[in-house]
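protein38.txt (compact mmCIF, C-alpha atoms and all ligand atoms)
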```txt
# COMPACT_ATOMS: atom_id res chain seq x y z
CA MET A 1 15.32 30.28 10.77
CA VAL A 2 11.73 29.88 11.94
CA PRO A 3 10.04 27.00 10.04
CA LEU A 4 7.01 27.86 7.92
CA LEU A 5 5.39 24.53 8.76
CA ILE A 6 5.84 22.51 11.93
CA ILE A 7 4.23 19.08 12.33
CA ARG A 8 4.68 17.67 15.79
CA ASP A 9 3.71 14.19 17.04
CA LEU A 10 0.82 14.01 14.59
CA VAL A 11 -1.54 11.05 15.01
CA VAL A 12 -4.26 10.26 12.46
CA GLU A 13 -6.60 7.30 12.86
CA PHE A 14 -9.19 5.74 10.58
CA ASP A 15 -11.98 4.09 12.54
CA LEU A 16 -12.72 0.96 10.55
CA GLY A 17 -15.22 -0.66 12.90
CA LYS A 18 -12.95 -3.67 13.45
CA GLY A 19 -10.45 -1.30 15.08
CA ALA A 20 -8.60 1.97 14.60
CA LEU A 21 -6.02 2.05 11.83
CA ARG A 22 -3.27 4.46 12.80
CA ALA A 23 -2.19 5.85 9.41
CA VAL A 24 0.05 8.53 10.91
CA ASN A 25 1.70 7.71 14.20
CA ARG A 26 3.45 10.54 16.04
CA ALA A 27 5.02 11.86 12.86
CA SER A 28 7.12 15.02 13.13
CA LEU A 29 8.81 17.25 10.60
CA ASP A 30 9.30 20.90 9.81
CA VAL A 31 9.63 22.83 6.58
CA GLN A 32 11.69 26.00 6.28
CA PRO A 33 10.46 28.93 4.17
CA GLY A 34 11.54 28.47 0.56
CA GLU A 35 12.69 24.88 0.89
CA VAL A 36 11.50 21.75 -0.86
CA MET A 37 10.89 19.03 1.71
CA ALA A 38 10.24 15.57 0.33
CA VAL A 39 8.26 12.99 2.25
CA VAL A 40 9.21 9.58 0.95
CA GLY A 41 7.96 6.11 1.83
CA GLU A 42 6.36 2.98 0.43
CA SER A 43 2.68 2.81 -0.49
CA GLY A 44 0.52 3.02 2.64
CA SER A 45 3.21 4.71 4.76
CA GLY A 46 0.88 7.66 5.43
CA LYS A 47 2.13 10.34 3.02
CA THR A 48 -1.27 11.40 1.66
CA THR A 49 -2.86 11.27 5.11
CA LEU A 50 -0.10 13.52 6.43
CA ALA A 51 -0.71 15.98 3.57
CA PHE A 52 -4.48 16.01 4.16
CA SER A 53 -3.74 16.77 7.81
CA VAL A 54 -1.71 19.85 6.86
CA LEU A 55 -4.90 21.17 5.21
CA ASN A 56 -7.00 19.85 8.14
CA LEU A 57 -8.90 17.91 5.50
CA VAL A 58 -8.65 14.30 6.66
CA PRO A 59 -11.71 12.52 5.23
CA PRO A 60 -14.02 10.48 7.48
CA PRO A 61 -13.74 7.90 8.97
CA GLY A 62 -10.34 9.45 9.59
CA ARG A 63 -9.66 11.90 12.39
CA ILE A 64 -6.67 13.74 13.75
CA ALA A 65 -6.28 12.14 17.15
CA GLY A 66 -3.26 14.04 18.43
CA GLY A 67 -0.37 16.36 17.75
CA GLU A 68 0.08 19.84 16.45
CA ILE A 69 0.35 21.56 13.07
CA LEU A 70 1.63 25.12 12.99
CA PHE A 71 1.81 27.18 9.80
CA GLY A 72 3.40 30.58 10.29
CA ASP A 73 1.40 32.07 13.15
CA LYS A 74 -1.56 29.73 12.59
CA ASP A 75 -2.46 26.76 14.76
CA VAL A 76 -4.04 24.81 11.90
CA LEU A 77 -6.04 22.29 13.93
CA PHE A 78 -7.78 25.12 15.78
CA LEU A 79 -8.81 27.31 12.82
CA GLY A 80 -12.52 28.07 12.46
CA PRO A 81 -14.36 27.33 9.16
CA GLU A 82 -13.83 30.81 7.68
CA GLU A 83 -10.16 30.91 8.69
CA LEU A 84 -9.70 27.43 7.20
CA ARG A 85 -11.29 28.52 3.94
CA LYS A 86 -8.77 31.34 3.67
CA TYR A 87 -5.88 29.14 4.75
CA ARG A 88 -6.56 26.51 2.08
CA TRP A 89 -5.49 27.68 -1.40
CA LYS A 90 -4.26 31.10 -0.22
CA GLU A 91 -1.69 29.90 2.30
CA VAL A 92 -1.28 26.23 1.37
CA SER A 93 -2.61 24.54 -1.72
CA MET A 94 -2.32 20.94 -2.82
CA VAL A 95 -1.99 19.08 -6.08
CA PHE A 96 -3.83 15.90 -5.15
CA GLN A 97 -2.66 12.40 -6.08
CA ALA A 98 -3.98 11.57 -9.59
CA ALA A 99 -5.58 15.04 -9.81
CA GLN A 100 -5.12 15.15 -13.58
CA ASN A 101 -7.81 12.50 -13.90
CA ALA A 102 -10.25 14.35 -11.64
CA MET A 103 -10.76 17.56 -13.62
CA ASN A 104 -14.27 18.56 -14.54
CA PRO A 105 -14.60 17.07 -18.07
CA VAL A 106 -17.34 19.43 -19.26
CA MET A 107 -15.71 22.71 -18.28
CA ARG A 108 -13.13 24.61 -20.29
CA ILE A 109 -9.88 25.31 -18.41
CA ALA A 110 -10.67 29.06 -18.34
CA ASP A 111 -13.96 28.38 -16.51
CA GLN A 112 -12.26 26.02 -14.05
CA MET A 113 -9.75 28.78 -13.27
CA ILE A 114 -12.50 31.40 -12.83
CA ASP A 115 -14.62 29.07 -10.68
CA THR A 116 -11.75 28.24 -8.37
CA ALA A 117 -10.62 31.83 -7.95
CA GLN A 118 -14.17 33.12 -7.39
CA ALA A 119 -14.91 30.42 -4.83
CA HIS A 120 -11.97 31.83 -2.89
CA GLY A 121 -12.82 35.49 -3.15
CA LYS A 122 -11.13 36.73 -6.35
CA ALA A 123 -13.89 38.60 -8.19
CA SER A 124 -12.86 39.94 -11.58
CA LYS A 125 -12.75 37.46 -14.47
CA GLY A 126 -10.20 39.58 -16.31
CA GLU A 127 -7.89 39.56 -13.32
CA VAL A 128 -8.23 35.78 -12.92
CA LEU A 129 -7.51 35.09 -16.59
CA GLU A 130 -4.51 37.40 -16.55
CA LYS A 131 -3.05 35.58 -13.55
CA ALA A 132 -3.94 32.18 -15.05
CA SER A 133 -2.18 33.11 -18.32
CA GLU A 134 0.93 34.16 -16.45
CA LEU A 135 1.00 30.86 -14.54
CA LEU A 136 0.29 28.74 -17.63
CA GLY A 137 3.18 30.52 -19.33
CA MET A 138 5.39 29.57 -16.39
CA MET A 139 4.23 26.00 -16.94
CA ARG A 140 5.53 26.36 -20.52
CA LEU A 141 2.04 26.09 -21.97
CA GLU A 142 0.40 28.34 -24.57
CA PRO A 143 -2.14 30.21 -22.36
CA SER A 144 -4.76 31.19 -24.96
CA GLN A 145 -4.90 27.69 -26.44
CA ILE A 146 -5.05 25.97 -23.03
CA LEU A 147 -7.67 28.31 -21.57
CA ARG A 148 -10.20 27.47 -24.29
CA SER A 149 -9.52 23.70 -24.10
CA TYR A 150 -11.44 20.96 -22.34
CA PRO A 151 -9.38 18.53 -20.21
CA HIS A 152 -9.78 15.63 -22.68
CA GLU A 153 -8.09 17.73 -25.38
CA LEU A 154 -4.88 17.81 -23.34
CA SER A 155 -2.26 15.13 -22.66
CA GLY A 156 -1.74 13.80 -19.10
CA GLY A 157 1.40 15.90 -18.73
CA MET A 158 -0.38 19.05 -19.92
CA ARG A 159 -3.30 18.41 -17.56
CA GLN A 160 -0.89 18.02 -14.67
CA ARG A 161 0.75 21.34 -15.53
CA VAL A 162 -2.68 23.00 -15.72
CA ILE A 163 -3.48 21.62 -12.25
CA ILE A 164 -0.23 23.00 -10.88
CA ALA A 165 -1.06 26.42 -12.40
CA LEU A 166 -4.56 26.19 -10.88
CA SER A 167 -3.14 25.40 -7.46
CA LEU A 168 -0.93 28.52 -7.66
CA LEU A 169 -3.78 30.82 -8.70
CA LEU A 170 -4.31 32.34 -5.26
CA GLY A 171 -0.59 32.81 -4.58
CA PRO A 172 -0.06 30.26 -1.81
CA LYS A 173 3.10 30.32 0.30
CA MET A 174 3.35 26.53 0.22
CA LEU A 175 2.44 23.97 -2.42
CA ILE A 176 1.90 20.31 -1.53
CA LEU A 177 2.52 17.95 -4.43
CA ASP A 178 1.25 14.40 -3.90
CA GLU A 179 2.97 12.01 -6.35
CA PRO A 180 2.97 14.78 -8.99
CA THR A 181 4.51 12.74 -11.80
CA THR A 182 3.62 9.13 -11.02
CA ALA A 183 1.19 8.53 -13.88
CA LEU A 184 3.45 10.11 -16.50
CA ASP A 185 6.16 8.75 -18.78
CA VAL A 186 9.80 9.32 -17.81
CA VAL A 187 10.43 12.16 -20.28
CA THR A 188 7.30 14.06 -19.17
CA GLN A 189 8.25 13.45 -15.53
CA ALA A 190 11.67 15.02 -16.03
CA TYR A 191 10.13 17.97 -17.89
CA ILE A 192 7.63 18.67 -15.10
CA LEU A 193 10.30 18.40 -12.41
CA ASP A 194 12.36 20.92 -14.36
CA ILE A 195 9.37 23.28 -14.53
CA LEU A 196 8.73 22.87 -10.81
CA ALA A 197 12.35 23.75 -10.00
CA ASP A 198 11.97 26.84 -12.18
CA VAL A 199 8.68 27.91 -10.61
CA ARG A 200 10.03 27.41 -7.13
CA GLU A 201 12.90 29.76 -7.96
CA LYS A 202 10.70 32.39 -9.63
CA LEU A 203 8.01 32.45 -6.94
CA GLY A 204 10.16 31.67 -3.89
CA LEU A 205 7.71 28.88 -3.19
CA THR A 206 7.95 26.41 -0.32
CA MET A 207 7.07 22.84 -1.32
CA LEU A 208 6.12 19.61 0.39
CA LEU A 209 6.69 16.84 -2.12
CA LEU A 210 5.20 13.42 -1.40
CA THR A 211 6.55 10.50 -3.36
CA HIS A 212 7.59 6.86 -3.22
CA ASP A 213 10.21 7.57 -5.89
CA MET A 214 13.72 8.40 -4.69
CA SER A 215 14.79 9.64 -8.12
CA ILE A 216 12.19 12.44 -7.95
CA VAL A 217 13.44 13.37 -4.51
CA ALA A 218 16.99 13.63 -5.88
CA LYS A 219 15.92 16.06 -8.60
CA LEU A 220 13.91 18.53 -6.54
CA ALA A 221 14.26 18.31 -2.76
CA ASP A 222 16.53 20.08 -0.30
CA ARG A 223 15.67 17.79 2.60
CA VAL A 224 13.90 14.47 2.98
CA ALA A 225 11.66 12.97 5.65
CA VAL A 226 11.48 9.18 5.38
CA MET A 227 8.16 7.70 6.53
CA TYR A 228 7.44 4.12 7.52
CA ALA A 229 4.15 2.86 8.96
CA GLY A 230 3.01 6.42 9.66
CA ARG A 231 6.20 7.44 11.46
CA SER A 232 9.10 9.70 10.56
CA MET A 233 12.13 7.40 10.55
CA GLU A 234 14.81 9.80 9.39
CA VAL A 235 14.93 13.45 8.40
CA GLY A 236 17.99 14.96 6.79
CA LYS A 237 19.46 17.00 3.98
CA ILE A 238 19.33 15.37 0.58
CA GLU A 239 23.07 14.62 0.39
CA GLU A 240 23.01 13.13 3.90
CA ILE A 241 20.13 10.84 3.02
CA PHE A 242 21.61 9.71 -0.30
CA TYR A 243 25.25 9.32 0.70
CA ASP A 244 25.20 8.82 4.46
CA ALA A 245 21.80 7.42 5.50
CA LYS A 246 21.73 6.40 9.16
CA HIS A 247 18.44 4.51 9.48
CA PRO A 248 18.30 0.89 8.25
CA TYR A 249 15.03 1.58 6.41
CA THR A 250 16.51 4.60 4.60
CA ILE A 251 19.60 2.56 3.70
CA GLY A 252 17.24 -0.11 2.29
CA LEU A 253 15.25 2.46 0.28
CA ILE A 254 18.43 3.87 -1.29
CA LYS A 255 19.66 0.40 -2.21
CA ALA A 256 16.25 -0.40 -3.70
CA ALA A 257 16.27 2.68 -5.95
CA PRO A 258 17.79 1.78 -9.32
CA SER A 259 20.43 3.87 -11.04
CA LEU A 260 20.61 6.54 -8.34
CA ILE A 261 23.97 5.67 -6.95
CA GLY A 262 26.08 2.85 -8.32
CA ASP A 263 25.16 0.08 -10.68
CA ILE A 264 21.59 -0.84 -11.58
CA ALA A 265 22.58 -4.49 -11.10
CA ASP A 266 23.15 -3.74 -7.39
CA LYS A 267 19.49 -2.83 -6.85
CA LYS A 268 18.19 -4.76 -3.85
CA PRO A 269 14.57 -4.55 -2.76
CA ILE A 270 13.89 -4.49 1.00
CA PRO A 271 12.78 -8.00 2.00
CA GLY A 272 9.30 -8.43 3.50
CA SER A 273 6.39 -5.99 3.35
CA PRO A 274 5.09 -3.06 5.42
CA PRO A 275 3.13 -3.97 8.57
CA ASN A 276 -0.62 -4.32 8.88
CA LEU A 277 -1.50 -1.01 10.52
CA LEU A 278 -4.55 -2.51 12.19
CA ASN A 279 -2.25 -4.85 14.06
CA PRO A 280 1.23 -3.32 14.01
CA PRO A 281 4.22 -5.10 15.51
CA PRO A 282 5.33 -3.95 18.97
CA GLY A 283 8.45 -1.83 19.36
CA CYS A 284 10.06 -0.54 16.19
CA PRO A 285 7.59 -1.08 13.31
CA PHE A 286 10.50 -1.94 10.99
CA HIS A 287 11.89 -4.73 13.18
CA PRO A 288 10.38 -7.70 11.26
CA ARG A 289 12.27 -6.53 8.14
CA CYS A 290 15.40 -5.17 9.76
CA ALA A 291 18.72 -7.06 9.56
CA HIS A 292 19.97 -5.13 12.60
CA ALA A 293 17.02 -5.76 14.94
CA THR A 294 17.86 -6.68 18.55
CA PRO A 295 15.45 -7.84 21.30
CA HIS A 296 15.25 -4.20 22.47
CA CYS A 297 13.77 -3.26 19.05
CA GLN A 298 10.86 -5.64 19.58
CA GLU A 299 10.01 -4.12 22.94
CA GLU A 300 10.49 -0.38 22.73
CA GLU A 301 9.61 2.01 19.97
CA PRO A 302 12.57 4.28 19.16
CA GLU A 303 12.04 8.04 19.48
CA LEU A 304 12.93 10.39 16.63
CA LYS A 305 16.13 11.97 17.99
CA ASP A 306 18.42 14.75 16.85
CA ILE A 307 21.81 13.12 16.27
CA GLY A 308 23.48 16.45 15.54
CA ASP A 309 23.23 19.21 12.97
CA GLY A 310 19.44 18.91 12.74
CA ARG A 311 19.62 15.31 11.52
CA LEU A 312 16.80 13.22 13.01
CA VAL A 313 16.83 9.41 13.31
CA ALA A 314 14.42 6.97 14.99
CA CYS A 315 16.51 3.86 15.59
CA HIS A 316 17.93 2.31 18.76
CA ASN A 317 21.03 1.05 16.99
CA TRP A 318 21.88 3.64 14.34
CA TRP A 319 25.31 4.42 15.81
CA LEU A 320 26.21 0.72 16.02
CA ILE A 321 25.17 0.04 12.43
CA ASN A 322 27.01 3.05 11.08
CA ARG A 323 30.11 2.33 13.17
CA ASP A 324 30.41 -1.09 11.49
CA SER A 325 29.74 0.07 7.93
N1 LIG B 1 -10.23 6.84 3.78
C1 LIG B 1 -9.54 5.85 4.36
N2 LIG B 1 -10.17 4.87 5.03
C2 LIG B 1 -9.48 3.88 5.63
N3 LIG B 1 -8.13 3.76 5.61
C3 LIG B 1 -7.45 4.69 4.95
C4 LIG B 1 -8.10 5.78 4.27
N4 LIG B 1 -7.14 6.55 3.70
C5 LIG B 1 -5.97 5.97 3.98
N5 LIG B 1 -6.15 4.85 4.74
C6 LIG B 1 -5.09 3.94 5.23
O1 LIG B 1 -4.09 4.73 5.85
C7 LIG B 1 -2.80 4.24 5.54
C8 LIG B 1 -1.98 5.34 4.91
O2 LIG B 1 -2.55 5.65 3.62
P1 LIG B 1 -2.00 6.84 2.74
O3 LIG B 1 -2.90 6.94 1.56
O4 LIG B 1 -1.83 8.05 3.57
O5 LIG B 1 -0.57 6.29 2.31
P2 LIG B 1 0.40 6.79 1.14
O6 LIG B 1 1.77 6.76 1.73
O7 LIG B 1 -0.07 8.07 0.59
O8 LIG B 1 0.27 5.62 0.07
P3 LIG B 1 0.40 5.69 -1.54
O9 LIG B 1 1.88 5.74 -1.82
O10 LIG B 1 -0.20 4.41 -1.98
O11 LIG B 1 -0.32 6.90 -2.02
C9 LIG B 1 -3.01 3.03 4.63
O12 LIG B 1 -2.96 1.86 5.43
C10 LIG B 1 -4.39 3.23 4.09
O13 LIG B 1 -5.01 2.00 3.81
S1 LIG B 2 15.23 0.28 16.01
FE1 LIG B 2 16.02 -1.78 15.66
S2 LIG B 2 14.54 -2.74 14.25
FE2 LIG B 2 14.20 -0.52 14.19
S3 LIG B 2 15.42 0.17 12.51
FE3 LIG B 2 16.70 0.39 14.32
S4 LIG B 2 17.85 -1.55 14.44
FE4 LIG B 2 16.19 -1.89 13.01
MG MG B 3 -0.66 8.66 -1.28
```
Please express the file's structure as structure tokens.
Amino acid sequence: MVPLLIIRDLVVEFDLGKGALRAVNRASLDVQPGEVMAVVGESGSGKTTLAFSVLNLVPPPGRIAGGEILFGDKDVLFLGPEELRKYRWKEVSMVFQAAQNAMNPVMRIADQMIDTAQAHGKASKGEVLEKASELLGMMRLEPSQILRSYPHELSGGMRQRVIIALSLLLGPKMLILDEPTTALDVVTQAYILDILADVREKLGLTMLLLTHDMSIVAKLADRVAVMYAGRSMEVGKIEEIFYDAKHPYTIGLIKAAPSLIGDIADKKPIPGSPPNLLNPPPGCPFHPRCAHATPHCQEEEPELKDIGDGRLVACHNWWLINRDS
């Protein structure tokens, strides 16, 4: 199948005066039409920066310094302003991290829906409200009550569902969700994930789900890309990642996630902390924390390689580690 989204060797740098911080460092992944691809990694691993890049919306002082982003027949980094305007929202839309706290507090939800749709070319108010009602219903909300509400009258979970409905207003092919449930309690999280699974089915939507939380990945994703220090470390199907991870960092992430597999008492955090991206270690960026590091790992950065069946791993020693386990 031809992927809907292809990200190849993407490099994004933030110029901080004292040097360039490489937030995304030759990251690669693809997303098939209709699939949910999760991008998982610790805080600062570059998830949000990667998502902004897909919209060609990296904020200054950041800039895309290399690589390629293809969406369908579009070469995203070469779209002109008008093409970009159409691409955002209509082709790909994004639920931003902590978006539920960034709604306009003095505007009713109906007006926020109308404003957004009209800014992107949908003219008739009636048409917008009809579509908004349909989407709010899909979000298991009462449309007429929600449309006349102000954001502060809604709970965090309701606001997040309104934002998801808003992001679907122009019928995008792909929805990017950046930590969509992080600020919510566990019950609300599960409810929203259930709704997202439902919506994905009904609309045949493709999703890019960014999260640090492996349990969210398990509930929604088909495949997972594991990011570390701006790089893709491993990409595989969900069952491969959870039950047969090949990369030492992925193995560490799974062991650090409580109650996913096995006993909660076995939870083991990965020792050490992510590297300073202004002064990253040479070779494999994970080597200072990796129990399997060899001198080679300190000298040469491993390439992301296909190890068969579309499974991608960036580790010099993956076969050795997995042979012994
Ligand atoms: N506007 C910015 N200016 C400078 N540095 C930035 C900016 N945005 C991100 N960075 C840096 O880029 C790196 C990646 O950040 P990013 O927000 O993409 O990570 P993340 O994986 O989304 O983290 P989190 O899980 O905390 O949301 C971090 O080191 C961060 O400090
Ligand atoms: S390349 Fe070396 S340091 Fe990096 S993950 Fe593999 S074994 Fe560990
Ligand atoms: Mg983020």
Residues at most 7 Å from ligand LIG 2 (chain B), using only C-alpha atoms and all ligand atoms? Could they come as a VMD selection string? chain A and resid 247 to 249 284 to 287 290 to 294 297 302 314 to 318
Saved selection, atoms kept: C-alpha atoms, as a PDB file, in the frame of the given file:
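What ended up in result.pdb:
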```
ATOM      1  CA  HIS A 247      18.440   4.510   9.480  1.00  0.00           C
ATOM      2  CA  PRO A 248      18.300   0.890   8.250  1.00  0.00           C
ATOM      3  CA  TYR A 249      15.030   1.580   6.410  1.00  0.00           C
ATOM      4  CA  CYS A 284      10.060  -0.540  16.190  1.00  0.00           C
ATOM      5  CA  PRO A 285       7.590  -1.080  13.310  1.00  0.00           C
ATOM      6  CA  PHE A 286      10.500  -1.940  10.990  1.00  0.00           C
ATOM      7  CA  HIS A 287      11.890  -4.730  13.180  1.00  0.00           C
ATOM      8  CA  CYS A 290      15.400  -5.170   9.760  1.00  0.00           C
ATOM      9  CA  ALA A 291      18.720  -7.060   9.560  1.00  0.00           C
ATOM     10  CA  HIS A 292      19.970  -5.130  12.600  1.00  0.00           C
ATOM     11  CA  ALA A 293      17.020  -5.760  14.940  1.00  0.00           C
ATOM     12  CA  THR A 294      17.860  -6.680  18.550  1.00  0.00           C
ATOM     13  CA  CYS A 297      13.770  -3.260  19.050  1.00  0.00           C
ATOM     14  CA  PRO A 302      12.570   4.280  19.160  1.00  0.00           C
ATOM     15  CA  ALA A 314      14.420   6.970  14.990  1.00  0.00           C
ATOM     16  CA  CYS A 315      16.510   3.860  15.590  1.00  0.00           C
ATOM     17  CA  HIS A 316      17.930   2.310  18.760  1.00  0.00           C
ATOM     18  CA  ASN A 317      21.030   1.050  16.990  1.00  0.00           C
ATOM     19  CA  TRP A 318      21.880   3.640  14.340  1.00  0.00           C
TER      20      TRP A 318
END
```
Enumerate, in order of chain and increasing residue number, the residues of chain A with an atom no farther than 9 Å from ligand MG 3 (chain B), each with its shortest atom pair and distance in Å to one decimal, counting all atoms listed in the file, as JSON lines.
```
{"residue": "A:Ser43", "atom": "CA", "partner": "B:MG3", "partner_atom": "MG", "distance": 6.8}
{"residue": "A:Gly44", "atom": "CA", "partner": "B:MG3", "partner_atom": "MG", "distance": 7.0}
{"residue": "A:Ser45", "atom": "CA", "partner": "B:MG3", "partner_atom": "MG", "distance": 8.2}
{"residue": "A:Gly46", "atom": "CA", "partner": "B:MG3", "partner_atom": "MG", "distance": 7.0}
{"residue": "A:Lys47", "atom": "CA", "partner": "B:MG3", "partner_atom": "MG", "distance": 5.4}
{"residue": "A:Thr48", "atom": "CA", "partner": "B:MG3", "partner_atom": "MG", "distance": 4.1}
{"residue": "A:Thr49", "atom": "CA", "partner": "B:MG3", "partner_atom": "MG", "distance": 7.2}
{"residue": "A:Ala51", "atom": "CA", "partner": "B:MG3", "partner_atom": "MG", "distance": 8.8}
{"residue": "A:Phe96", "atom": "CA", "partner": "B:MG3", "partner_atom": "MG", "distance": 8.8}
{"residue": "A:Gln97", "atom": "CA", "partner": "B:MG3", "partner_atom": "MG", "distance": 6.4}
{"residue": "A:Asp178", "atom": "CA", "partner": "B:MG3", "partner_atom": "MG", "distance": 6.6}
{"residue": "A:Glu179", "atom": "CA", "partner": "B:MG3", "partner_atom": "MG", "distance": 7.1}
{"residue": "A:Leu210", "atom": "CA", "partner": "B:MG3", "partner_atom": "MG", "distance": 7.6}
{"residue": "A:Thr211", "atom": "CA", "partner": "B:MG3", "partner_atom": "MG", "distance": 7.7}
{"residue": "A:His212", "atom": "CA", "partner": "B:MG3", "partner_atom": "MG", "distance": 8.7}
```
Serialized selection, C-alpha atoms, as a PDB file, keeping the file's coordinate frame:
```
ATOM      1  CA  SER A  43       2.680   2.810  -0.490  1.00  0.00           C
ATOM      2  CA  GLY A  44       0.520   3.020   2.640  1.00  0.00           C
ATOM      3  CA  SER A  45       3.210   4.710   4.760  1.00  0.00           C
ATOM      4  CA  GLY A  46       0.880   7.660   5.430  1.00  0.00           C
ATOM      5  CA  LYS A  47       2.130  10.340   3.020  1.00  0.00           C
ATOM      6  CA  THR A  48      -1.270  11.400   1.660  1.00  0.00           C
ATOM      7  CA  THR A  49      -2.860  11.270   5.110  1.00  0.00           C
ATOM      8  CA  ALA A  51      -0.710  15.980   3.570  1.00  0.00           C
ATOM      9  CA  PHE A  96      -3.830  15.900  -5.150  1.00  0.00           C
ATOM     10  CA  GLN A  97      -2.660  12.400  -6.080  1.00  0.00           C
ATOM     11  CA  ASP A 178       1.250  14.400  -3.900  1.00  0.00           C
ATOM     12  CA  GLU A 179       2.970  12.010  -6.350  1.00  0.00           C
ATOM     13  CA  LEU A 210       5.200  13.420  -1.400  1.00  0.00           C
ATOM     14  CA  THR A 211       6.550  10.500  -3.360  1.00  0.00           C
ATOM     15  CA  HIS A 212       7.590   6.860  -3.220  1.00  0.00           C
TER      16      HIS A 212
END
```
Counting all atoms listed in the file, select every polymer residue within 8 Å of (-7.1, 3.2, 14.0) as defined in the file's coordinates, and provide the selection as a VMD selection string. chain A and resid 12 to 16 19 to 23 277 to 278
Considering all atoms listed in the file, return as an mmCIF file with C-alpha atoms, keeping the file's coordinate frame whatever protein or nucleic-acid residues lie within 9 Å of A:Gly236, sequence-local ones (same chain, fewer than 2 positions apart) excluded.
```cif
data_model
loop_
_atom_site.group_PDB
_atom_site.id
_atom_site.type_symbol
_atom_site.label_atom_id
_atom_site.label_comp_id
_atom_site.auth_asym_id
_atom_site.auth_seq_id
_atom_site.Cartn_x
_atom_site.Cartn_y
_atom_site.Cartn_z
ATOM 1 C CA ASP A 222 16.530 20.080 -0.300
ATOM 2 C CA ARG A 223 15.670 17.790 2.600
ATOM 3 C CA VAL A 224 13.900 14.470 2.980
ATOM 4 C CA ALA A 225 11.660 12.970 5.650
ATOM 5 C CA VAL A 226 11.480 9.180 5.380
ATOM 6 C CA GLU A 234 14.810 9.800 9.390
ATOM 7 C CA ILE A 238 19.330 15.370 0.580
ATOM 8 C CA GLU A 239 23.070 14.620 0.390
ATOM 9 C CA GLU A 240 23.010 13.130 3.900
ATOM 10 C CA ILE A 241 20.130 10.840 3.020
ATOM 11 C CA ALA A 245 21.800 7.420 5.500
ATOM 12 C CA GLY A 310 19.440 18.910 12.740
ATOM 13 C CA ARG A 311 19.620 15.310 11.520
ATOM 14 C CA LEU A 312 16.800 13.220 13.010
ATOM 15 C CA VAL A 313 16.830 9.410 13.310
#
```
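Of the listed residues A:Lys18, A:Arg159, A:Arg8, A:His120, the one whose atoms come nearest to ligand LIG 1 (chain B) is A:Lys18, with distances taken using only C-alpha atoms and all ligand atoms.
Among the candidate residues A:Leu84, A:Met37, A:Ala119, A:Met113, the one lying nearest to A:Leu57 is A:Leu84, with distances computed using all atoms listed in the file.
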Minimum-distance residue to ligand LIG 1 (chain B), chosen among A:Arg231, A:Arg140, A:Arg85, A:Arg148 (using all atoms listed in the file): A:Arg231
